[in-house]
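Structure file data_15.cif with mmCIF, N, CA and C atoms:
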data_input
#
loop_
_atom_site.label_atom_id
_atom_site.label_comp_id
_atom_site.auth_asym_id
_atom_site.auth_seq_id
_atom_site.Cartn_x
_atom_site.Cartn_y
_atom_site.Cartn_z
N GLN A 29 -37.33 -30.69 -22.68
CA GLN A 29 -35.88 -30.51 -22.48
C GLN A 29 -35.61 -29.42 -21.46
N VAL A 30 -34.49 -29.55 -20.80
CA VAL A 30 -34.06 -28.58 -19.80
C VAL A 30 -32.65 -28.11 -20.16
N GLN A 31 -32.44 -26.81 -20.09
CA GLN A 31 -31.11 -26.24 -20.33
C GLN A 31 -30.57 -25.66 -19.04
N LEU A 32 -29.29 -25.89 -18.80
CA LEU A 32 -28.63 -25.40 -17.59
C LEU A 32 -27.44 -24.54 -18.00
N VAL A 33 -27.37 -23.35 -17.43
CA VAL A 33 -26.26 -22.44 -17.72
C VAL A 33 -25.57 -22.10 -16.41
N GLU A 34 -24.28 -22.43 -16.34
CA GLU A 34 -23.51 -22.21 -15.12
C GLU A 34 -22.61 -20.99 -15.27
N SER A 35 -22.26 -20.42 -14.14
CA SER A 35 -21.31 -19.31 -14.11
C SER A 35 -20.64 -19.27 -12.75
N GLY A 36 -19.51 -18.57 -12.69
CA GLY A 36 -18.90 -18.31 -11.40
C GLY A 36 -17.62 -19.05 -11.09
N GLY A 37 -17.17 -19.91 -11.97
CA GLY A 37 -15.90 -20.60 -11.70
C GLY A 37 -14.74 -19.65 -11.83
N GLY A 38 -13.54 -20.17 -11.54
CA GLY A 38 -12.35 -19.35 -11.67
C GLY A 38 -11.20 -19.88 -10.86
N LEU A 39 -10.19 -19.03 -10.71
CA LEU A 39 -8.96 -19.37 -9.98
C LEU A 39 -8.96 -18.62 -8.66
N VAL A 40 -8.68 -19.31 -7.59
CA VAL A 40 -8.66 -18.70 -6.27
C VAL A 40 -7.57 -19.36 -5.44
N GLN A 41 -7.03 -18.61 -4.50
CA GLN A 41 -6.04 -19.18 -3.60
C GLN A 41 -6.72 -19.99 -2.50
N ALA A 42 -5.97 -20.93 -1.96
CA ALA A 42 -6.49 -21.73 -0.85
C ALA A 42 -6.95 -20.81 0.27
N GLY A 43 -8.11 -21.16 0.84
CA GLY A 43 -8.70 -20.33 1.87
C GLY A 43 -9.68 -19.30 1.35
N GLY A 44 -9.71 -19.14 0.06
CA GLY A 44 -10.60 -18.16 -0.55
C GLY A 44 -11.99 -18.70 -0.78
N SER A 45 -12.80 -17.89 -1.46
CA SER A 45 -14.21 -18.23 -1.70
C SER A 45 -14.57 -18.03 -3.16
N LEU A 46 -15.53 -18.81 -3.60
CA LEU A 46 -16.14 -18.65 -4.90
C LEU A 46 -17.62 -18.96 -4.77
N ARG A 47 -18.39 -18.40 -5.69
CA ARG A 47 -19.82 -18.66 -5.72
C ARG A 47 -20.19 -19.11 -7.13
N LEU A 48 -20.77 -20.29 -7.22
CA LEU A 48 -21.23 -20.82 -8.50
C LEU A 48 -22.74 -20.61 -8.61
N SER A 49 -23.17 -20.30 -9.82
CA SER A 49 -24.60 -20.12 -10.08
C SER A 49 -25.01 -20.96 -11.27
N CYS A 50 -26.25 -21.39 -11.24
CA CYS A 50 -26.80 -22.19 -12.34
C CYS A 50 -28.25 -21.78 -12.56
N ALA A 51 -28.57 -21.47 -13.80
CA ALA A 51 -29.94 -21.11 -14.16
C ALA A 51 -30.51 -22.19 -15.06
N ALA A 52 -31.67 -22.68 -14.69
CA ALA A 52 -32.34 -23.74 -15.46
C ALA A 52 -33.52 -23.16 -16.22
N SER A 53 -33.70 -23.64 -17.43
CA SER A 53 -34.85 -23.22 -18.23
C SER A 53 -35.38 -24.42 -18.99
N GLY A 54 -36.62 -24.29 -19.43
CA GLY A 54 -37.23 -25.39 -20.17
C GLY A 54 -38.33 -26.06 -19.37
N ARG A 55 -38.53 -27.33 -19.64
CA ARG A 55 -39.63 -28.08 -19.05
C ARG A 55 -39.22 -28.60 -17.66
N ILE A 56 -39.37 -27.73 -16.67
CA ILE A 56 -38.98 -28.10 -15.31
C ILE A 56 -40.22 -28.19 -14.45
N LEU A 57 -40.43 -29.36 -13.88
CA LEU A 57 -41.53 -29.51 -12.96
C LEU A 57 -41.16 -28.96 -11.59
N ARG A 58 -42.15 -28.64 -10.81
CA ARG A 58 -41.90 -28.07 -9.49
C ARG A 58 -41.13 -29.04 -8.61
N GLN A 59 -41.42 -30.33 -8.73
CA GLN A 59 -40.74 -31.33 -7.91
C GLN A 59 -39.46 -31.76 -8.63
N ASN A 60 -38.34 -31.29 -8.15
CA ASN A 60 -37.07 -31.67 -8.76
C ASN A 60 -35.96 -31.56 -7.73
N VAL A 61 -34.84 -32.08 -8.06
CA VAL A 61 -33.65 -31.98 -7.21
C VAL A 61 -32.57 -31.29 -8.03
N MET A 62 -32.03 -30.22 -7.50
CA MET A 62 -30.94 -29.50 -8.17
C MET A 62 -29.66 -29.73 -7.37
N GLY A 63 -28.56 -29.74 -8.06
CA GLY A 63 -27.33 -30.00 -7.34
C GLY A 63 -26.09 -29.67 -8.11
N TRP A 64 -24.98 -29.89 -7.45
CA TRP A 64 -23.66 -29.67 -8.03
C TRP A 64 -22.81 -30.92 -7.85
N TYR A 65 -22.12 -31.27 -8.91
CA TYR A 65 -21.17 -32.37 -8.89
C TYR A 65 -19.83 -31.83 -9.40
N ARG A 66 -18.78 -32.55 -9.13
CA ARG A 66 -17.48 -32.11 -9.63
C ARG A 66 -16.66 -33.30 -10.10
N GLN A 67 -15.72 -32.99 -10.99
CA GLN A 67 -14.84 -34.02 -11.51
C GLN A 67 -13.43 -33.48 -11.55
N ALA A 68 -12.56 -34.09 -10.78
CA ALA A 68 -11.15 -33.73 -10.78
C ALA A 68 -10.43 -34.53 -11.87
N PRO A 69 -9.30 -34.06 -12.33
CA PRO A 69 -8.56 -34.77 -13.37
C PRO A 69 -8.25 -36.21 -12.95
N GLY A 70 -8.58 -37.15 -13.80
CA GLY A 70 -8.29 -38.55 -13.52
C GLY A 70 -9.22 -39.21 -12.52
N LYS A 71 -10.25 -38.50 -12.11
CA LYS A 71 -11.18 -39.06 -11.13
C LYS A 71 -12.59 -39.07 -11.67
N GLN A 72 -13.45 -39.85 -11.01
CA GLN A 72 -14.85 -39.91 -11.41
C GLN A 72 -15.60 -38.69 -10.90
N ARG A 73 -16.67 -38.39 -11.59
CA ARG A 73 -17.53 -37.31 -11.13
C ARG A 73 -18.15 -37.70 -9.79
N GLU A 74 -18.20 -36.73 -8.87
CA GLU A 74 -18.71 -37.00 -7.54
C GLU A 74 -19.71 -35.93 -7.11
N LEU A 75 -20.59 -36.32 -6.23
CA LEU A 75 -21.57 -35.39 -5.69
C LEU A 75 -20.90 -34.38 -4.78
N VAL A 76 -21.30 -33.13 -4.92
CA VAL A 76 -20.85 -32.08 -4.00
C VAL A 76 -22.00 -31.73 -3.05
N ALA A 77 -23.14 -31.35 -3.63
CA ALA A 77 -24.29 -30.98 -2.82
C ALA A 77 -25.55 -31.02 -3.67
N THR A 78 -26.66 -31.36 -3.02
CA THR A 78 -27.95 -31.32 -3.69
C THR A 78 -28.97 -30.65 -2.80
N ILE A 79 -30.04 -30.17 -3.42
CA ILE A 79 -31.13 -29.55 -2.68
C ILE A 79 -32.44 -29.85 -3.40
N THR A 80 -33.41 -30.30 -2.64
CA THR A 80 -34.72 -30.60 -3.22
C THR A 80 -35.54 -29.32 -3.34
N SER A 81 -36.64 -29.42 -4.07
CA SER A 81 -37.52 -28.26 -4.20
C SER A 81 -38.12 -27.87 -2.86
N GLY A 82 -38.13 -28.79 -1.90
CA GLY A 82 -38.61 -28.48 -0.56
C GLY A 82 -37.54 -27.93 0.36
N GLY A 83 -36.29 -27.88 -0.13
CA GLY A 83 -35.21 -27.27 0.64
C GLY A 83 -34.33 -28.25 1.41
N THR A 84 -34.56 -29.54 1.25
CA THR A 84 -33.71 -30.52 1.92
C THR A 84 -32.37 -30.60 1.22
N THR A 85 -31.30 -30.51 2.00
CA THR A 85 -29.95 -30.49 1.42
C THR A 85 -29.17 -31.74 1.77
N ASP A 86 -28.19 -32.02 0.94
CA ASP A 86 -27.28 -33.13 1.17
C ASP A 86 -25.90 -32.69 0.69
N TYR A 87 -24.88 -32.98 1.48
CA TYR A 87 -23.52 -32.56 1.15
C TYR A 87 -22.55 -33.73 1.22
N ALA A 88 -21.55 -33.67 0.37
CA ALA A 88 -20.44 -34.60 0.53
C ALA A 88 -19.73 -34.27 1.83
N ASP A 89 -19.23 -35.31 2.50
CA ASP A 89 -18.55 -35.09 3.78
C ASP A 89 -17.39 -34.12 3.63
N SER A 90 -16.73 -34.15 2.49
CA SER A 90 -15.53 -33.33 2.29
C SER A 90 -15.83 -31.83 2.22
N VAL A 91 -17.10 -31.46 2.01
CA VAL A 91 -17.42 -30.03 1.88
C VAL A 91 -18.33 -29.52 2.99
N LYS A 92 -18.78 -30.42 3.85
CA LYS A 92 -19.67 -29.99 4.94
C LYS A 92 -19.00 -28.92 5.80
N GLY A 93 -19.76 -27.88 6.09
CA GLY A 93 -19.24 -26.79 6.90
C GLY A 93 -18.51 -25.73 6.10
N ARG A 94 -18.22 -26.03 4.83
CA ARG A 94 -17.51 -25.05 3.99
C ARG A 94 -18.36 -24.57 2.82
N PHE A 95 -19.19 -25.44 2.28
CA PHE A 95 -20.02 -25.11 1.11
C PHE A 95 -21.48 -25.01 1.55
N THR A 96 -22.21 -24.14 0.88
CA THR A 96 -23.63 -23.99 1.13
C THR A 96 -24.37 -23.93 -0.19
N ILE A 97 -25.37 -24.79 -0.33
CA ILE A 97 -26.19 -24.80 -1.53
C ILE A 97 -27.53 -24.13 -1.22
N ALA A 98 -28.02 -23.37 -2.19
CA ALA A 98 -29.30 -22.69 -2.02
C ALA A 98 -29.98 -22.58 -3.37
N ARG A 99 -31.29 -22.47 -3.36
CA ARG A 99 -32.03 -22.38 -4.62
C ARG A 99 -33.14 -21.37 -4.52
N ASP A 100 -33.55 -20.90 -5.69
CA ASP A 100 -34.69 -20.00 -5.80
C ASP A 100 -35.69 -20.70 -6.71
N ASN A 101 -36.75 -21.24 -6.15
CA ASN A 101 -37.70 -22.01 -6.94
C ASN A 101 -38.42 -21.15 -7.97
N ALA A 102 -38.66 -19.92 -7.65
CA ALA A 102 -39.36 -19.03 -8.59
C ALA A 102 -38.52 -18.75 -9.83
N LYS A 103 -37.21 -18.70 -9.65
CA LYS A 103 -36.31 -18.39 -10.78
C LYS A 103 -35.64 -19.63 -11.35
N ASN A 104 -35.85 -20.78 -10.73
CA ASN A 104 -35.18 -22.02 -11.15
C ASN A 104 -33.67 -21.86 -11.19
N THR A 105 -33.14 -21.32 -10.12
CA THR A 105 -31.69 -21.16 -10.01
C THR A 105 -31.18 -21.90 -8.78
N VAL A 106 -29.94 -22.30 -8.86
CA VAL A 106 -29.27 -22.94 -7.72
C VAL A 106 -27.87 -22.36 -7.63
N ASN A 107 -27.47 -22.04 -6.42
CA ASN A 107 -26.14 -21.47 -6.18
C ASN A 107 -25.36 -22.35 -5.23
N LEU A 108 -24.05 -22.27 -5.34
CA LEU A 108 -23.16 -22.98 -4.43
C LEU A 108 -22.13 -21.99 -3.92
N GLN A 109 -22.23 -21.65 -2.65
CA GLN A 109 -21.25 -20.78 -2.02
C GLN A 109 -20.15 -21.65 -1.44
N MET A 110 -18.94 -21.42 -1.92
CA MET A 110 -17.80 -22.25 -1.51
C MET A 110 -16.82 -21.40 -0.73
N ASN A 111 -16.64 -21.71 0.53
CA ASN A 111 -15.72 -20.98 1.40
C ASN A 111 -14.59 -21.91 1.84
N SER A 112 -13.53 -21.30 2.34
CA SER A 112 -12.37 -22.06 2.84
C SER A 112 -11.93 -23.11 1.82
N LEU A 113 -11.79 -22.68 0.59
CA LEU A 113 -11.46 -23.61 -0.49
C LEU A 113 -10.08 -24.21 -0.30
N LYS A 114 -9.97 -25.46 -0.73
CA LYS A 114 -8.72 -26.22 -0.62
C LYS A 114 -8.28 -26.65 -2.02
N PRO A 115 -7.00 -26.92 -2.20
CA PRO A 115 -6.54 -27.38 -3.52
C PRO A 115 -7.30 -28.62 -4.00
N GLU A 116 -7.70 -29.49 -3.09
CA GLU A 116 -8.43 -30.69 -3.48
C GLU A 116 -9.85 -30.41 -3.94
N ASP A 117 -10.30 -29.18 -3.84
CA ASP A 117 -11.61 -28.80 -4.39
C ASP A 117 -11.51 -28.48 -5.89
N THR A 118 -10.32 -28.49 -6.41
CA THR A 118 -10.12 -28.20 -7.83
C THR A 118 -10.81 -29.23 -8.71
N GLY A 119 -11.46 -28.75 -9.76
CA GLY A 119 -12.12 -29.63 -10.70
C GLY A 119 -13.11 -28.87 -11.55
N VAL A 120 -13.79 -29.61 -12.42
CA VAL A 120 -14.88 -29.04 -13.19
C VAL A 120 -16.17 -29.30 -12.43
N TYR A 121 -16.90 -28.25 -12.18
CA TYR A 121 -18.14 -28.33 -11.42
C TYR A 121 -19.33 -28.30 -12.39
N TYR A 122 -20.23 -29.25 -12.20
CA TYR A 122 -21.37 -29.41 -13.09
C TYR A 122 -22.67 -29.20 -12.33
N CYS A 123 -23.53 -28.40 -12.88
CA CYS A 123 -24.88 -28.25 -12.36
C CYS A 123 -25.73 -29.42 -12.85
N ASN A 124 -26.65 -29.86 -12.01
CA ASN A 124 -27.48 -31.02 -12.34
C ASN A 124 -28.91 -30.79 -11.89
N VAL A 125 -29.84 -31.25 -12.70
CA VAL A 125 -31.25 -31.24 -12.31
C VAL A 125 -31.84 -32.62 -12.57
N LYS A 126 -32.46 -33.16 -11.55
CA LYS A 126 -33.18 -34.44 -11.69
C LYS A 126 -34.67 -34.18 -11.54
N ILE A 127 -35.45 -34.72 -12.47
CA ILE A 127 -36.91 -34.57 -12.41
C ILE A 127 -37.48 -35.97 -12.29
N PRO A 128 -37.80 -36.39 -11.06
CA PRO A 128 -38.23 -37.78 -10.84
C PRO A 128 -39.45 -38.20 -11.66
N PHE A 129 -40.40 -37.28 -11.86
CA PHE A 129 -41.63 -37.65 -12.57
C PHE A 129 -41.33 -38.13 -13.98
N PHE A 130 -40.33 -37.52 -14.60
CA PHE A 130 -39.95 -37.91 -15.96
C PHE A 130 -38.77 -38.87 -15.98
N SER A 131 -38.26 -39.22 -14.80
CA SER A 131 -37.03 -40.03 -14.71
C SER A 131 -35.94 -39.41 -15.57
N SER A 132 -35.84 -38.11 -15.53
CA SER A 132 -34.87 -37.41 -16.37
C SER A 132 -33.77 -36.77 -15.52
N ASN A 133 -32.66 -36.52 -16.19
CA ASN A 133 -31.44 -36.08 -15.52
C ASN A 133 -30.69 -35.18 -16.50
N TYR A 134 -30.44 -33.94 -16.11
CA TYR A 134 -29.81 -32.98 -17.01
C TYR A 134 -28.54 -32.42 -16.40
N TRP A 135 -27.57 -32.11 -17.29
CA TRP A 135 -26.28 -31.58 -16.85
C TRP A 135 -25.97 -30.27 -17.56
N GLY A 136 -25.29 -29.40 -16.82
CA GLY A 136 -24.75 -28.21 -17.44
C GLY A 136 -23.44 -28.51 -18.14
N GLN A 137 -22.84 -27.49 -18.75
CA GLN A 137 -21.62 -27.70 -19.53
C GLN A 137 -20.38 -27.78 -18.65
N GLY A 138 -20.50 -27.38 -17.40
CA GLY A 138 -19.38 -27.42 -16.48
C GLY A 138 -18.64 -26.10 -16.39
N THR A 139 -18.13 -25.81 -15.22
CA THR A 139 -17.33 -24.61 -15.00
C THR A 139 -16.10 -24.99 -14.17
N GLN A 140 -14.95 -24.48 -14.59
CA GLN A 140 -13.69 -24.87 -13.94
C GLN A 140 -13.48 -24.08 -12.65
N VAL A 141 -13.13 -24.82 -11.62
CA VAL A 141 -12.71 -24.22 -10.35
C VAL A 141 -11.30 -24.70 -10.06
N THR A 142 -10.39 -23.75 -9.89
CA THR A 142 -9.00 -24.09 -9.59
C THR A 142 -8.58 -23.38 -8.31
N VAL A 143 -8.12 -24.18 -7.35
CA VAL A 143 -7.67 -23.63 -6.07
C VAL A 143 -6.17 -23.86 -5.97
N SER A 144 -5.44 -22.77 -5.90
CA SER A 144 -3.98 -22.86 -5.81
C SER A 144 -3.53 -22.89 -4.36
N SER A 145 -2.43 -23.58 -4.12
CA SER A 145 -1.93 -23.71 -2.74
C SER A 145 -0.95 -22.59 -2.41
#
As structure tokens, how would this structure be written, given the file I've shared?
Amino acid sequence: QVQLVESGGGLVQAGGSLRLSCAASGRILRQNVMGWYRQAPGKQRELVATITSGGTTDYADSVKGRFTIARDNAKNTVNLQMNSLKPEDTGVYYCNVKIPFFSSNYWGQGTQVTVSS
């Protein structure tokens, strides 16, 4: 089992910044993909950004150039630096870890991000 603990959400004005952090513990293999997803009210959960253990990143088009994902493999942590936030970035942000070898997929409890206009 893998446990994910997120922190860093909150309320910010449009144009501001927030940094989300996620710490993973448990049975984590070196080869994994860590990422962040979000869910706005009334909408489906969507990918924000992912990063492989080798450092390859992927971003949703809506956040490219504004968000940066980074990880520390030694500490099993992943961070999401969010700049130039917009009201449409509002939602619950979930940390995710995929471990392909086990075909497993884990989610954090979610952290609320609210961007006011």
Could you make a table, as CSV, of the residues of range 96-126 of chain A that have an atom within 6 Å of an atom of range 34-58 of chain A, each with its nearest atom pair and distance in Å to one decimal, counting only C-alpha atoms, in chain and number order?
residue,atom,partner,partner_atom,distance
A:Asn104,CA,A:Ala52,CA,5.4
A:Thr105,CA,A:Ala51,CA,4.5
A:Val106,CA,A:Cys50,CA,5.3
A:Asn107,CA,A:Ser49,CA,4.4
A:Leu108,CA,A:Leu48,CA,5.0
A:Gln109,CA,A:Arg47,CA,4.5
A:Met110,CA,A:Leu46,CA,5.2
A:Asn111,CA,A:Ser45,CA,4.4
A:Ser112,CA,A:Gly43,CA,4.2
A:Leu113,CA,A:Gly43,CA,4.9
A:Lys114,CA,A:Ala42,CA,5.0
query = Which residues match the PyMOL selection byres ((chain A and resi 126-132) around 8) in the file above, as a list of chain:residue names?
reply =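 In the shown coordinates, the PyMOL selection byres ((chain A and resi 126-132) around 8) covers A:Ile56, A:Leu57, A:Arg58, A:Gln59, A:Asn60, A:Val61, A:Met62, A:Gly63, A:Cys123, A:Asn124, A:Val125, A:Asn133, A:Tyr134, A:Trp135.
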remark   = Between A:Thr118, A:Asn101, A:Ser144, A:Gln31, smallest distance to Ser81 in chain A by only N, CA and C atoms belongs to A:Asn101
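Atom C of Thr142 in chain A is positioned 28.4 Å from CA of Gly83 in chain A.
Selection by the PyMOL selection byres (((chain A and resi 139 and name CA) around 7) and name CA) on the present file picks out A:Glu34, A:Ser35, A:Gly37, A:Val120, A:Tyr121, A:Tyr122, A:Gln137, A:Gly138, A:Gln140, A:Val141.
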